[in-house]
file target_31.cif (mmCIF, C-alpha atoms)
data_coords
#
loop_
_atom_site.label_atom_id
_atom_site.label_comp_id
_atom_site.auth_asym_id
_atom_site.auth_seq_id
_atom_site.Cartn_x
_atom_site.Cartn_y
_atom_site.Cartn_z
CA MET A 214 -1.47 -27.50 295.58
CA ARG A 215 0.90 -25.69 297.87
CA SER A 216 3.84 -26.23 295.48
CA GLY A 217 1.71 -24.78 292.68
CA ASN A 218 0.95 -21.69 294.74
CA LYS A 219 4.65 -21.33 295.58
CA LEU A 220 5.62 -21.53 291.89
CA TRP A 221 2.99 -18.94 290.97
CA SER A 222 4.22 -16.64 293.75
CA THR A 223 7.80 -16.95 292.43
CA ILE A 224 6.68 -16.08 288.89
CA VAL A 225 4.73 -13.05 290.13
CA ASP A 226 7.75 -11.80 292.12
CA TYR A 227 10.05 -12.37 289.12
CA PHE A 228 7.93 -10.20 286.85
CA LEU A 229 7.46 -7.56 289.56
CA ILE A 230 11.22 -6.96 289.76
CA LEU A 231 11.53 -6.95 285.96
CA SER A 232 8.74 -4.39 285.70
CA ALA A 233 10.73 -2.06 287.97
CA ILE A 234 13.70 -2.20 285.59
CA ILE A 235 12.26 -2.61 282.09
CA GLY A 236 10.20 0.37 280.95
CA VAL A 237 9.61 2.38 277.80
CA GLY A 238 13.19 3.71 277.79
CA PHE A 239 14.40 0.12 277.67
CA ALA A 240 11.83 -1.24 275.22
CA SER A 241 12.17 1.76 272.89
CA GLY A 242 15.91 1.17 272.58
CA LYS A 243 16.72 4.75 273.58
CA GLU A 244 18.29 3.77 276.91
CA ILE A 245 20.41 1.11 275.22
CA CYS A 246 21.55 3.67 272.62
CA VAL A 247 22.55 6.18 275.30
CA PHE A 248 24.23 3.76 277.72
CA PHE A 249 25.57 0.93 275.53
CA PHE A 250 25.73 0.62 271.76
CA GLU A 251 28.03 3.59 270.92
CA TYR A 252 31.00 1.62 272.24
CA GLU A 253 30.60 -1.46 270.00
CA ALA A 254 32.57 -4.36 271.58
CA GLY A 255 33.17 -2.11 274.58
CA SER A 256 29.41 -2.28 275.07
CA LEU A 257 29.72 -6.01 275.68
CA ILE A 258 32.22 -5.24 278.45
CA GLY A 259 29.78 -2.65 279.78
CA LEU A 260 27.07 -5.32 279.72
CA MET A 261 29.27 -7.66 281.76
CA ALA A 262 29.94 -4.85 284.26
CA PHE A 263 26.18 -4.27 284.53
CA GLY A 264 25.47 -7.99 285.11
CA LEU A 265 28.19 -8.39 287.76
CA LEU A 266 27.02 -5.26 289.56
CA TYR A 267 23.45 -6.59 289.73
CA ILE A 268 24.53 -10.02 290.92
CA TYR A 269 26.57 -8.44 293.72
CA LEU A 270 23.91 -5.92 294.77
CA PHE A 271 20.95 -8.33 294.65
CA PHE A 272 22.72 -11.01 296.64
CA ILE A 273 24.46 -8.81 299.23
CA ILE A 274 21.19 -7.03 300.03
CA ASP A 275 19.39 -10.36 300.29
CA TYR A 276 22.10 -11.57 302.68
CA ILE A 277 22.00 -8.47 304.92
CA ARG A 278 18.19 -8.56 304.94
CA LYS A 279 18.16 -12.12 306.27
CA LYS A 280 21.08 -11.53 308.64
CA CYS A 281 19.45 -8.49 310.28
CA ALA A 282 15.83 -9.74 309.94
CA LEU A 283 14.75 -6.69 307.89
CA ASN A 284 11.18 -7.06 306.62
CA SER A 285 10.69 -3.81 304.68
CA TYR A 286 12.63 -1.22 302.72
CA SER A 287 12.00 1.32 305.50
CA GLU A 288 13.68 -0.99 308.05
CA PHE A 289 16.56 -1.64 305.64
CA ASN A 290 17.06 2.08 304.98
CA THR A 291 17.14 2.92 308.70
CA ALA A 292 19.43 -0.02 309.56
CA ILE A 293 22.00 0.79 306.85
CA PHE A 294 21.94 4.59 306.62
CA GLY A 295 21.00 5.42 310.22
CA LYS A 296 20.88 9.21 310.62
CA LEU A 297 21.52 9.59 306.88
CA CYS A 298 18.30 7.74 305.96
CA LYS A 299 16.71 11.04 304.84
CA PHE A 300 19.53 11.50 302.30
CA SER A 301 18.80 8.02 301.00
CA GLU A 302 15.10 8.80 300.65
CA ILE A 303 15.80 12.05 298.75
CA VAL A 304 18.00 10.20 296.24
CA MET A 305 15.26 7.61 295.79
CA LEU A 306 12.58 10.24 295.25
CA ILE A 307 14.69 12.06 292.62
CA ASN A 308 15.21 8.79 290.74
CA PHE A 309 11.53 7.84 290.89
CA ALA A 310 10.37 11.31 289.83
CA ILE A 311 12.67 11.40 286.77
CA THR A 312 11.77 7.85 285.74
CA SER A 313 8.02 8.40 286.22
CA ALA A 314 8.14 11.66 284.26
CA GLY A 315 10.02 9.82 281.51
CA MET A 316 7.27 7.24 281.27
CA LEU A 317 4.53 9.88 280.94
CA ALA A 318 6.57 11.89 278.44
CA GLY A 319 7.13 8.65 276.48
CA ALA A 320 3.37 8.18 276.24
CA GLU A 321 3.01 11.73 274.94
CA TYR A 322 5.71 11.14 272.33
CA LEU A 323 4.13 7.90 271.14
CA PHE A 324 0.60 9.25 270.78
CA GLU A 325 1.51 12.66 269.33
CA THR A 326 4.07 11.35 266.82
CA PHE A 327 2.28 8.26 265.57
CA LEU A 328 -1.41 8.79 266.30
CA GLY A 329 -1.74 12.60 266.48
CA ILE A 330 -3.83 12.45 269.66
CA GLY A 331 -4.14 15.73 271.57
CA TYR A 332 -1.69 17.06 274.11
CA LYS A 333 -1.69 15.54 277.64
CA ILE A 334 -4.60 13.13 277.07
CA PRO A 335 -2.41 9.95 277.11
CA SER A 336 -0.43 10.96 280.20
CA ILE A 337 -3.59 12.00 282.06
CA ILE A 338 -5.23 8.61 281.32
CA LEU A 339 -2.11 6.74 282.48
CA SER A 340 -1.90 8.91 285.59
CA ILE A 341 -5.50 8.08 286.51
CA LEU A 342 -4.83 4.34 286.03
CA THR A 343 -1.68 4.63 288.16
CA LEU A 344 -3.63 6.45 290.87
CA LEU A 345 -6.19 3.63 290.99
CA LEU A 346 -3.44 1.01 291.32
CA LEU A 347 -1.71 3.00 294.06
CA ILE A 348 -4.93 3.05 296.04
CA GLY A 349 -5.41 -0.68 295.31
CA GLY A 350 -1.99 -1.58 296.78
CA ILE A 351 0.90 -3.89 295.88
CA ASP A 352 -1.28 -6.94 295.11
CA LYS A 353 -3.01 -5.08 292.27
CA ILE A 354 0.37 -3.87 290.97
CA LYS A 355 1.79 -7.42 291.06
CA PHE A 356 -1.23 -8.68 289.12
CA VAL A 357 -0.82 -6.04 286.38
CA ALA A 358 2.97 -6.57 286.17
CA ASN A 359 2.44 -10.30 285.74
CA LEU A 360 0.23 -9.63 282.71
CA ILE A 361 2.42 -6.97 281.12
CA ILE A 362 6.03 -8.13 281.44
CA PRO A 363 5.87 -11.59 279.74
CA ILE A 364 4.22 -10.03 276.67
CA MET A 365 6.74 -7.21 276.64
CA ILE A 366 9.83 -9.45 276.88
CA ALA A 367 8.55 -11.73 274.09
CA VAL A 368 7.88 -8.80 271.74
CA ILE A 369 11.27 -7.12 272.44
CA VAL A 370 13.16 -10.38 271.82
CA ILE A 371 11.28 -11.08 268.55
CA ASN A 372 11.93 -7.52 267.35
CA SER A 373 15.64 -7.71 268.21
CA ILE A 374 16.26 -11.11 266.60
CA SER A 375 14.38 -10.07 263.46
CA ASN A 376 16.63 -7.00 263.00
CA ILE A 377 20.02 -8.67 263.58
CA ASN A 378 22.16 -9.15 260.48
CA PRO A 379 25.83 -10.15 259.82
CA GLU A 380 26.92 -6.52 259.40
CA ASN A 381 25.60 -5.64 262.85
CA VAL A 382 27.41 -8.59 264.46
CA ASN A 383 30.72 -7.73 262.72
CA MET A 384 30.48 -4.12 263.91
CA ALA A 385 29.63 -5.25 267.44
CA ILE A 386 32.97 -7.07 267.82
CA THR A 387 35.05 -3.98 266.89
CA VAL A 388 36.74 -2.76 270.06
CA LYS A 389 36.01 0.86 270.93
CA ASN A 390 36.44 2.83 274.18
CA SER A 391 35.87 0.04 276.69
CA THR A 392 36.57 2.32 279.70
CA MET A 393 33.62 4.58 278.91
CA ALA A 394 31.51 1.54 278.08
CA ILE A 395 32.09 0.14 281.58
CA TYR A 396 31.25 3.55 283.09
CA TYR A 397 27.97 3.84 281.17
CA GLY A 398 27.09 0.18 281.78
CA LEU A 399 27.46 0.74 285.52
CA LEU A 400 25.59 4.06 285.25
CA PHE A 401 22.68 2.27 283.58
CA GLY A 402 22.84 -0.40 286.28
CA VAL A 403 22.73 1.88 289.32
CA ASN A 404 19.99 4.03 287.81
CA ASN A 405 17.68 1.05 287.36
CA PHE A 406 18.77 -0.69 290.55
CA VAL A 407 17.56 2.22 292.70
CA ALA A 408 14.12 1.84 291.11
CA ALA A 409 14.12 -1.89 291.85
CA LEU A 410 15.48 -1.78 295.42
CA PRO A 411 12.24 -1.11 297.37
CA VAL A 412 10.48 -3.75 295.26
CA LEU A 413 13.00 -6.38 296.41
CA PHE A 414 11.48 -6.11 299.88
CA GLU A 415 8.01 -6.80 298.45
CA THR A 416 9.10 -10.17 297.07
CA LYS A 417 10.30 -13.51 298.40
CA LEU A 418 12.32 -14.29 295.30
CA LYS A 419 15.22 -16.65 296.07
CA SER A 420 18.74 -16.61 294.62
CA LYS A 421 17.89 -18.50 291.41
CA GLY A 422 14.98 -16.15 290.69
CA LYS A 423 17.15 -13.06 291.12
CA LEU A 424 19.79 -14.56 288.85
CA ALA A 425 17.11 -15.28 286.24
CA VAL A 426 16.06 -11.60 286.35
CA ILE A 427 19.65 -10.47 285.72
CA LEU A 428 20.19 -12.95 282.86
CA SER A 429 16.90 -11.89 281.22
CA ILE A 430 17.93 -8.23 281.23
CA CYS A 431 21.45 -9.06 279.96
CA LEU A 432 20.00 -11.10 277.09
CA ILE A 433 17.78 -8.25 275.92
CA ILE A 434 20.63 -5.70 276.19
CA LEU A 435 22.91 -8.03 274.19
CA LEU A 436 20.30 -8.43 271.45
CA ASN A 437 19.87 -4.66 271.27
CA ILE A 438 23.63 -4.08 271.04
CA LEU A 439 23.79 -6.48 268.10
CA VAL A 440 20.93 -4.62 266.42
CA PHE A 441 22.29 -1.09 266.92
CA ALA A 442 26.01 -1.75 266.27
CA SER A 443 25.99 -0.52 262.64
CA ASN A 444 23.22 2.07 262.97
CA SER A 445 23.05 5.63 264.22
CA PHE A 446 19.67 6.79 265.51
CA GLU A 447 18.69 10.35 266.29
CA THR A 448 15.09 9.40 267.00
CA ASP A 449 13.70 8.87 270.50
CA MET A 450 12.35 5.35 269.87
CA PRO A 451 14.65 3.46 267.45
CA MET A 452 13.37 -0.03 268.31
CA PHE A 453 9.85 1.11 267.55
CA GLU A 454 10.95 2.26 264.09
CA LEU A 455 12.78 -1.02 263.46
CA SER A 456 9.68 -3.02 264.37
CA GLU A 457 8.18 -1.95 261.03
CA ASN A 458 10.85 -4.11 259.33
CA VAL A 459 9.18 -7.20 260.80
CA SER A 460 5.67 -6.39 259.57
CA ILE A 461 3.07 -3.64 259.74
CA TRP A 462 1.07 -5.67 262.25
CA PHE A 463 4.12 -6.15 264.44
CA TYR A 464 4.65 -2.38 264.28
CA TYR A 465 1.27 -1.84 265.96
CA ILE A 466 1.96 -4.67 268.42
CA TYR A 467 5.21 -2.94 269.40
CA PHE A 468 3.31 0.31 269.89
CA ALA A 469 1.06 -1.46 272.40
CA THR A 470 4.11 -3.10 273.99
CA LEU A 471 5.75 0.27 274.59
CA LEU A 472 2.61 1.52 276.29
CA LEU A 473 2.54 -1.56 278.53
CA GLY A 474 6.24 -1.11 279.34
CA LEU A 475 5.99 2.51 280.33
CA PHE A 476 2.90 1.81 282.42
CA SER A 477 4.63 -1.04 284.31
CA THR A 478 7.57 1.17 285.29
CA LEU A 479 5.34 4.14 286.05
CA MET A 480 3.22 2.17 288.51
CA ILE A 481 6.27 0.68 290.27
CA CYS A 482 8.08 4.02 290.62
CA SER A 483 4.89 5.70 291.84
CA TYR A 484 4.34 2.91 294.35
CA ASN A 485 7.93 3.25 295.61
CA THR A 486 7.45 7.02 295.97
CA LYS A 487 4.25 6.47 297.95
CA LYS A 488 6.00 4.00 300.27
CA ILE A 489 8.73 6.52 301.09
CA ILE A 490 6.47 9.55 301.56
CA SER A 491 3.53 8.00 303.37
CA LYS A 492 5.51 5.40 305.41
CA ASP A 493 2.85 2.72 304.75
CA LYS A 494 0.02 4.95 306.01
CA LYS A 495 -3.23 4.64 304.06
CA THR A 496 -3.96 8.02 302.46
CA VAL A 497 -5.38 9.16 299.13
CA PHE A 498 -3.74 12.60 299.26
CA VAL A 499 -0.17 11.31 298.74
CA PRO A 500 -0.95 9.28 295.56
CA ILE A 501 -2.75 12.31 294.06
CA LEU A 502 0.25 14.54 294.86
CA ILE A 503 2.67 12.04 293.28
CA VAL A 504 0.62 11.73 290.09
CA LEU A 505 0.31 15.51 289.68
CA PHE A 506 4.04 16.11 290.22
CA ASN A 507 4.96 13.44 287.63
CA LEU A 508 2.62 15.08 285.12
CA ILE A 509 4.23 18.50 285.60
CA LEU A 510 7.81 17.19 285.29
CA SER A 511 6.95 15.23 282.13
CA ASN A 512 6.49 18.53 280.26
CA VAL A 513 10.25 18.78 279.57
CA GLY A 514 9.89 16.00 276.96
CA TYR A 515 10.82 12.32 276.60
CA GLY A 516 14.05 12.76 274.59
CA PHE A 517 15.42 15.34 277.04
CA ILE A 518 14.56 13.17 280.06
CA VAL A 519 16.23 10.01 278.68
CA LYS A 520 19.30 11.75 277.23
CA TYR A 521 20.05 14.15 280.08
CA LEU A 522 17.95 13.59 283.21
CA TYR A 523 18.47 9.81 283.14
CA VAL A 524 22.24 10.42 283.12
CA VAL A 525 21.92 12.91 286.01
CA SER A 526 19.76 10.38 287.84
CA GLY A 527 22.37 7.71 287.11
CA ILE A 528 25.17 9.80 288.64
CA ILE A 529 23.08 10.55 291.77
CA SER A 530 22.10 6.88 291.97
CA GLY A 531 25.78 5.93 291.57
CA ILE A 532 26.70 8.02 294.62
CA TYR A 533 23.86 6.34 296.49
CA VAL A 534 24.94 2.81 295.50
CA ILE A 535 28.60 3.47 296.42
CA SER A 536 27.45 4.78 299.82
CA LEU A 537 25.20 1.73 300.16
CA ILE A 538 28.02 -0.72 299.43
CA ILE A 539 30.37 1.01 301.91
CA LEU A 540 27.74 1.10 304.67
CA ILE A 541 26.70 -2.53 304.08
CA SER A 542 30.38 -3.57 304.26
CA ILE A 543 30.75 -1.71 307.58
CA LYS A 544 27.55 -3.37 308.82
CA LEU A 545 28.84 -6.82 307.88
CA ILE A 546 32.17 -6.17 309.62
CA LYS A 547 30.31 -5.13 312.80
CA LEU A 548 28.10 -8.23 312.62
CA SER A 549 31.19 -10.40 312.16
CA ARG A 550 32.84 -8.84 315.23
CA ILE A 551 29.70 -9.34 317.32
CA LYS A 552 29.57 -12.97 316.18
CA HIS A 553 33.22 -13.52 317.19
CA LYS A 554 32.62 -11.88 320.58
CA ILE A 555 29.64 -14.16 321.20
CA GLN A 556 31.72 -17.19 320.19
CA ASP A 557 34.61 -16.08 322.42
CA SER A 558 32.27 -15.52 325.38
CA LYS A 559 30.78 -19.00 324.83
CA LYS A 560 34.26 -20.50 324.73
CA GLY A 561 35.13 -18.60 327.93
CA LYS A 562 32.04 -19.92 329.67
CA ASN A 563 32.78 -23.45 328.47
CA SER A 564 36.38 -23.27 329.71
CA ASN A 565 35.22 -21.87 333.06
CA THR A 566 32.70 -24.68 333.34
CA LEU A 567 35.37 -27.28 332.53
CA SER A 568 37.84 -25.80 335.05
CA SER A 569 35.23 -25.64 337.82
CA THR A 570 34.26 -29.23 337.06
CA SER A 571 37.88 -30.38 337.28
CA VAL A 572 38.32 -28.50 340.60
CA ASP A 573 35.22 -30.21 342.00
CA GLU A 574 36.58 -33.59 340.95
CA GLU A 575 39.96 -32.91 342.57
CA GLU A 576 38.25 -31.86 345.80
CA LYS A 577 36.24 -35.10 345.79
CA ASN A 578 39.40 -37.11 345.28
#
call {"tool": "encode", "arguments": {"input": "target_31.cif", "output": "C-alpha cells"}}
result
Amino acid sequence: MRSGNKLWSTIVDYFLILSAIIGVGFASGKEICVFFFEYEAGSLIGLMAFGLLYIYLFFIIDYIRKKCALNSYSEFNTAIFGKLCKFSEIVMLINFAITSAGMLAGAEYLFETFLGIGYKIPSIILSILTLLLLIGGIDKIKFVANLIIPIMIAVIVINSISNINPENVNMAITVKNSTMAIYYGLLFGVNNFVAALPVLFETKLKSKGKLAVILSICLIILLNILVFASNSFETDMPMFELSENVSIWFYYIYFATLLLGLFSTLMICSYNTKKIISKDKKTVFVPILIVLFNLILSNVGYGFIVKYLYVVSGIISGIYVISLIILISIKLIKLSRIKHKIQDSKKGKNSNTLSSTSVDEEEKN
C-alpha cells in the first residue's frame, strides 16, 4: 500500500513540474516556432542545448538542496543569493507576470478567433478559477495538474505525429545557423526553468523522475520541429490549425487541450507569485492582486507577448540563471573547503590522540 502511495506521489510531482513548463505557448506551437524551427537542423542542436541545460540545472539544484538541507524555495533563494535575494525575486515576478498574462491573452485569442465569445469573458472565468485554486493551496493545484497534463501530452503527440511527412523530415536535416539555434534553445530553456524552479521545492521527485520530465519535453519539441520544418506560419497558434488535418473532432479536442494547457501554466505561475509575495502567509488579498494584475497585462495581446515579451523574459531569466550557476558554484566551493577543514581537523585530533597514546606507553615502559 505504501509503495502504491509512493508511486502515485511520484506521478503527481512529475506532472506538476511539467505543468509549470508546458502551457498554451508550447501546445499552440508558437513558442516552438519562435525559439526553434526557423533554424532547421540547427534547431536539433538547440534542442540538445536545451536538454543539457535542464539536466544540469535540475540536478545541481537538487544536490545543493540536499547538501544545505533547504526545504523551500525561500530558503534556497536566501542561501544562494544572500543580500541579492530581492533581485532574484524581482526577476521571478517579471517572468511569472509575463507568462501568466500570456496564458490569459491566449484564452482571449482562442475564444475570440474561433468561437466569437465576447471580450474578457474567458480570461475573467480563468482568473476566478485560478483565484479559487490559489486559496485552496498546492494540493488542489497538484490534483488539477495531474488531470490536465497527461491528456495534454497525449493530444500534442498525436497531433505532431499525424502532421509529420517526408518533406518535413528532409527539411529538418538541412543545416542552418546553428549558433543562433543554440542561443534560442537556451533562451527557451531559461525562460521556462525560472517558472519551474519554485515548483521543484514542492516536489520530492528523484533523479529518474526529473530526467523523465526533460526527455518528455525534448520529445515534444523534436516532434514539433519535424512538423514545422517546411512550413512558415504567421498565425499565433499553428499547431491548432494543423490539428484540423487530423479530423474535425480532433480540432475541437485540441481547442480544449489548449485551454487546459494555458490554465495549468497560469495556476502554477500564479502560485509561484503568491509564494514570493506573501512568504507563505495565508491571505486572500495577495491572490486577488495577482489575478487582477495578470488580467491588465494580458491586454497587450497573445501574439505580442509570445513574440516579444517572452524573448525579453528569456533574456532576463538568462541573466538570472547565469547568476544562479555562478553563485551555486561558489557555494559548492565553500562547502568543499569546509569539508576539507573538518577532515583536516579530525586528522589532527587523531594524530594528537595517537601521539599522546604513544607518549603514555613510553612513560609506562
call {"tool": "residues_around", "arguments": {"input": "target_31.cif", "residues": "A:Leu508", "least_positions_apart": "2", "cutoff": "10 Å", "atoms": "only C-alpha atoms", "output": "ChimeraX atom specification"}}
result
/A:310,313-318,333,336-337,339-340,503-506,510-512
call {"tool": "closest_residue", "arguments": {"input": "target_31.cif", "among": "A:Lys423, A:Leu399, A:Lys243, A:Ser375", "to": "A:Thr223", "atoms": "only C-alpha atoms"}}
result
A:Lys423
call {"tool": "closest_residue", "arguments": {"input": "target_31.cif", "among": "A:Ser542, A:Asn308, A:Asn372, A:Ser429", "to": "A:Phe453", "atoms": "all atoms listed in the file"}}
result
A:Asn372
call {"tool": "residues_around", "arguments": {"input": "target_31.cif", "residues": "A:Glu244", "least_positions_apart": "4", "cutoff": "9 Å", "atoms": "all atoms listed in the file", "output": "ChimeraX atom specification"}}
result
/A:237-240,248-249,401,519-520,523
call {"tool": "atom_distance", "arguments": {"input": "target_31.cif", "atom1": "atom CA of A:Ile351", "atom2": "atom CA of A:Thr486"}}
result
12.7 Å
call {"tool": "closest_residue", "arguments": {"input": "target_31.cif", "among": "A:Leu283, A:Leu428, A:Ile546, A:Leu436", "to": "A:Leu265", "atoms": "all atoms listed in the file"}}
result
A:Leu428
call {"tool": "resolve_selection", "arguments": {"input": "target_31.cif", "expression": "the PyMOL selection byres ((chain A and resi 452) around 12)", "output": "PyMOL selection string"}}
result
chain A and resi 237-246+368-377+436-438+440-441+444-451+453-459+463-464+467-468+470-471
call {"tool": "closest_residue", "arguments": {"input": "target_31.cif", "among": "A:Leu297, A:Ile338, A:Cys482, A:Met261", "to": "A:Leu229", "atoms": "only C-alpha atoms"}}
result
A:Cys482
call {"tool": "atom_distance", "arguments": {"input": "target_31.cif", "atom1": "atom CA of A:Lys488", "atom2": "atom CA of A:Leu400"}}
result
24.7 Å
call {"tool": "atom_distance", "arguments": {"input": "target_31.cif", "atom1": "atom CA of A:Lys544", "atom2": "atom CA of A:Leu418"}}
result
23.1 Å
call {"tool": "resolve_selection", "arguments": {"input": "target_31.cif", "expression": "the PyMOL selection byres ((chain A and resi 476) around 8)", "output": "list of chain:residue names"}}
result
A:Gly236, A:Met316, A:Leu339, A:Thr343, A:Leu472, A:Leu473, A:Gly474, A:Leu475, A:Ser477, A:Thr478, A:Leu479, A:Met480
call {"tool": "closest_residue", "arguments": {"input": "target_31.cif", "among": "A:Ile361, A:Ile341, A:Ile518, A:Ile433", "to": "A:Ala469", "atoms": "only C-alpha atoms"}}
result
A:Ile361
call {"tool": "resolve_selection", "arguments": {"input": "target_31.cif", "expression": "the PyMOL selection byres ((chain A and resi 411-414) around 10)", "output": "ChimeraX atom specification"}}
result
/A:226-227,229-233,271,274-275,278,283-290,305,351,406-410,415-418,423,481-482,484-486,488-489
call {"tool": "closest_residue", "arguments": {"input": "target_31.cif", "among": "A:Thr392, A:Asn378, A:Ser526, A:Thr326", "to": "A:Ile303", "atoms": "all atoms listed in the file"}}
result
A:Ser526
call {"tool": "residues_around", "arguments": {"input": "target_31.cif", "residues": "A:Phe272", "least_positions_apart": "4", "cutoff": "12 Å", "atoms": "all atoms listed in the file", "output": "ChimeraX atom specification"}}
result
/A:265-268,276-279,410,413,418-424,427,538,541
call {"tool": "build_atoms", "arguments": {"input": "target_31.cif", "residues": "stretch 359-377 of chain A", "atoms": "N, CA and C atoms", "output": "PDB file, in the frame of the given file"}}
result
ATOM      1  N   ASN A 359       2.386  -8.914 286.200  1.00  0.00           N
ATOM      2  CA  ASN A 359       2.440 -10.300 285.740  1.00  0.00           C
ATOM      3  C   ASN A 359       1.766 -10.487 284.380  1.00  0.00           C
ATOM      4  N   LEU A 360       0.858  -9.592 284.027  1.00  0.00           N
ATOM      5  CA  LEU A 360       0.230  -9.630 282.710  1.00  0.00           C
ATOM      6  C   LEU A 360       1.094  -8.941 281.657  1.00  0.00           C
ATOM      7  N   ILE A 361       1.718  -7.830 282.067  1.00  0.00           N
ATOM      8  CA  ILE A 361       2.420  -6.970 281.120  1.00  0.00           C
ATOM      9  C   ILE A 361       3.783  -7.517 280.714  1.00  0.00           C
ATOM     10  N   ILE A 362       4.621  -7.855 281.696  1.00  0.00           N
ATOM     11  CA  ILE A 362       6.030  -8.130 281.440  1.00  0.00           C
ATOM     12  C   ILE A 362       6.289  -9.329 280.526  1.00  0.00           C
ATOM     13  N   PRO A 363       5.607 -10.477 280.672  1.00  0.00           N
ATOM     14  CA  PRO A 363       5.870 -11.590 279.740  1.00  0.00           C
ATOM     15  C   PRO A 363       5.628 -11.216 278.281  1.00  0.00           C
ATOM     16  N   ILE A 364       4.543 -10.481 278.034  1.00  0.00           N
ATOM     17  CA  ILE A 364       4.220 -10.030 276.670  1.00  0.00           C
ATOM     18  C   ILE A 364       5.330  -9.122 276.154  1.00  0.00           C
ATOM     19  N   MET A 365       5.746  -8.207 277.013  1.00  0.00           N
ATOM     20  CA  MET A 365       6.740  -7.210 276.640  1.00  0.00           C
ATOM     21  C   MET A 365       8.092  -7.850 276.304  1.00  0.00           C
ATOM     22  N   ILE A 366       8.547  -8.786 277.127  1.00  0.00           N
ATOM     23  CA  ILE A 366       9.830  -9.450 276.880  1.00  0.00           C
ATOM     24  C   ILE A 366       9.783 -10.219 275.560  1.00  0.00           C
ATOM     25  N   ALA A 367       8.693 -10.944 275.324  1.00  0.00           N
ATOM     26  CA  ALA A 367       8.550 -11.730 274.090  1.00  0.00           C
ATOM     27  C   ALA A 367       8.619 -10.837 272.858  1.00  0.00           C
ATOM     28  N   VAL A 368       7.926  -9.709 272.895  1.00  0.00           N
ATOM     29  CA  VAL A 368       7.880  -8.800 271.740  1.00  0.00           C
ATOM     30  C   VAL A 368       9.249  -8.156 271.500  1.00  0.00           C
ATOM     31  N   ILE A 369       9.941  -7.738 272.570  1.00  0.00           N
ATOM     32  CA  ILE A 369      11.270  -7.120 272.440  1.00  0.00           C
ATOM     33  C   ILE A 369      12.258  -8.117 271.831  1.00  0.00           C
ATOM     34  N   VAL A 370      12.232  -9.354 272.307  1.00  0.00           N
ATOM     35  CA  VAL A 370      13.160 -10.380 271.820  1.00  0.00           C
ATOM     36  C   VAL A 370      12.895 -10.680 270.338  1.00  0.00           C
ATOM     37  N   ILE A 371      11.630 -10.824 269.962  1.00  0.00           N
ATOM     38  CA  ILE A 371      11.280 -11.080 268.550  1.00  0.00           C
ATOM     39  C   ILE A 371      11.756  -9.929 267.669  1.00  0.00           C
ATOM     40  N   ASN A 372      11.529  -8.700 268.104  1.00  0.00           N
ATOM     41  CA  ASN A 372      11.930  -7.520 267.350  1.00  0.00           C
ATOM     42  C   ASN A 372      13.451  -7.465 267.168  1.00  0.00           C
ATOM     43  N   SER A 373      14.176  -7.754 268.255  1.00  0.00           N
ATOM     44  CA  SER A 373      15.640  -7.710 268.210  1.00  0.00           C
ATOM     45  C   SER A 373      16.200  -8.771 267.274  1.00  0.00           C
ATOM     46  N   ILE A 374      15.760 -10.009 267.433  1.00  0.00           N
ATOM     47  CA  ILE A 374      16.260 -11.110 266.600  1.00  0.00           C
ATOM     48  C   ILE A 374      15.961 -10.854 265.125  1.00  0.00           C
ATOM     49  N   SER A 375      14.784 -10.323 264.842  1.00  0.00           N
ATOM     50  CA  SER A 375      14.380 -10.070 263.460  1.00  0.00           C
ATOM     51  C   SER A 375      15.239  -9.001 262.778  1.00  0.00           C
ATOM     52  N   ASN A 376      15.859  -8.109 263.576  1.00  0.00           N
ATOM     53  CA  ASN A 376      16.630  -7.000 263.000  1.00  0.00           C
ATOM     54  C   ASN A 376      18.141  -7.192 263.080  1.00  0.00           C
ATOM     55  N   ILE A 377      18.578  -8.373 263.559  1.00  0.00           N
ATOM     56  CA  ILE A 377      20.020  -8.670 263.580  1.00  0.00           C
ATOM     57  C   ILE A 377      20.454  -9.159 262.203  1.00  0.00           C
TER      58      ILE A 377
END
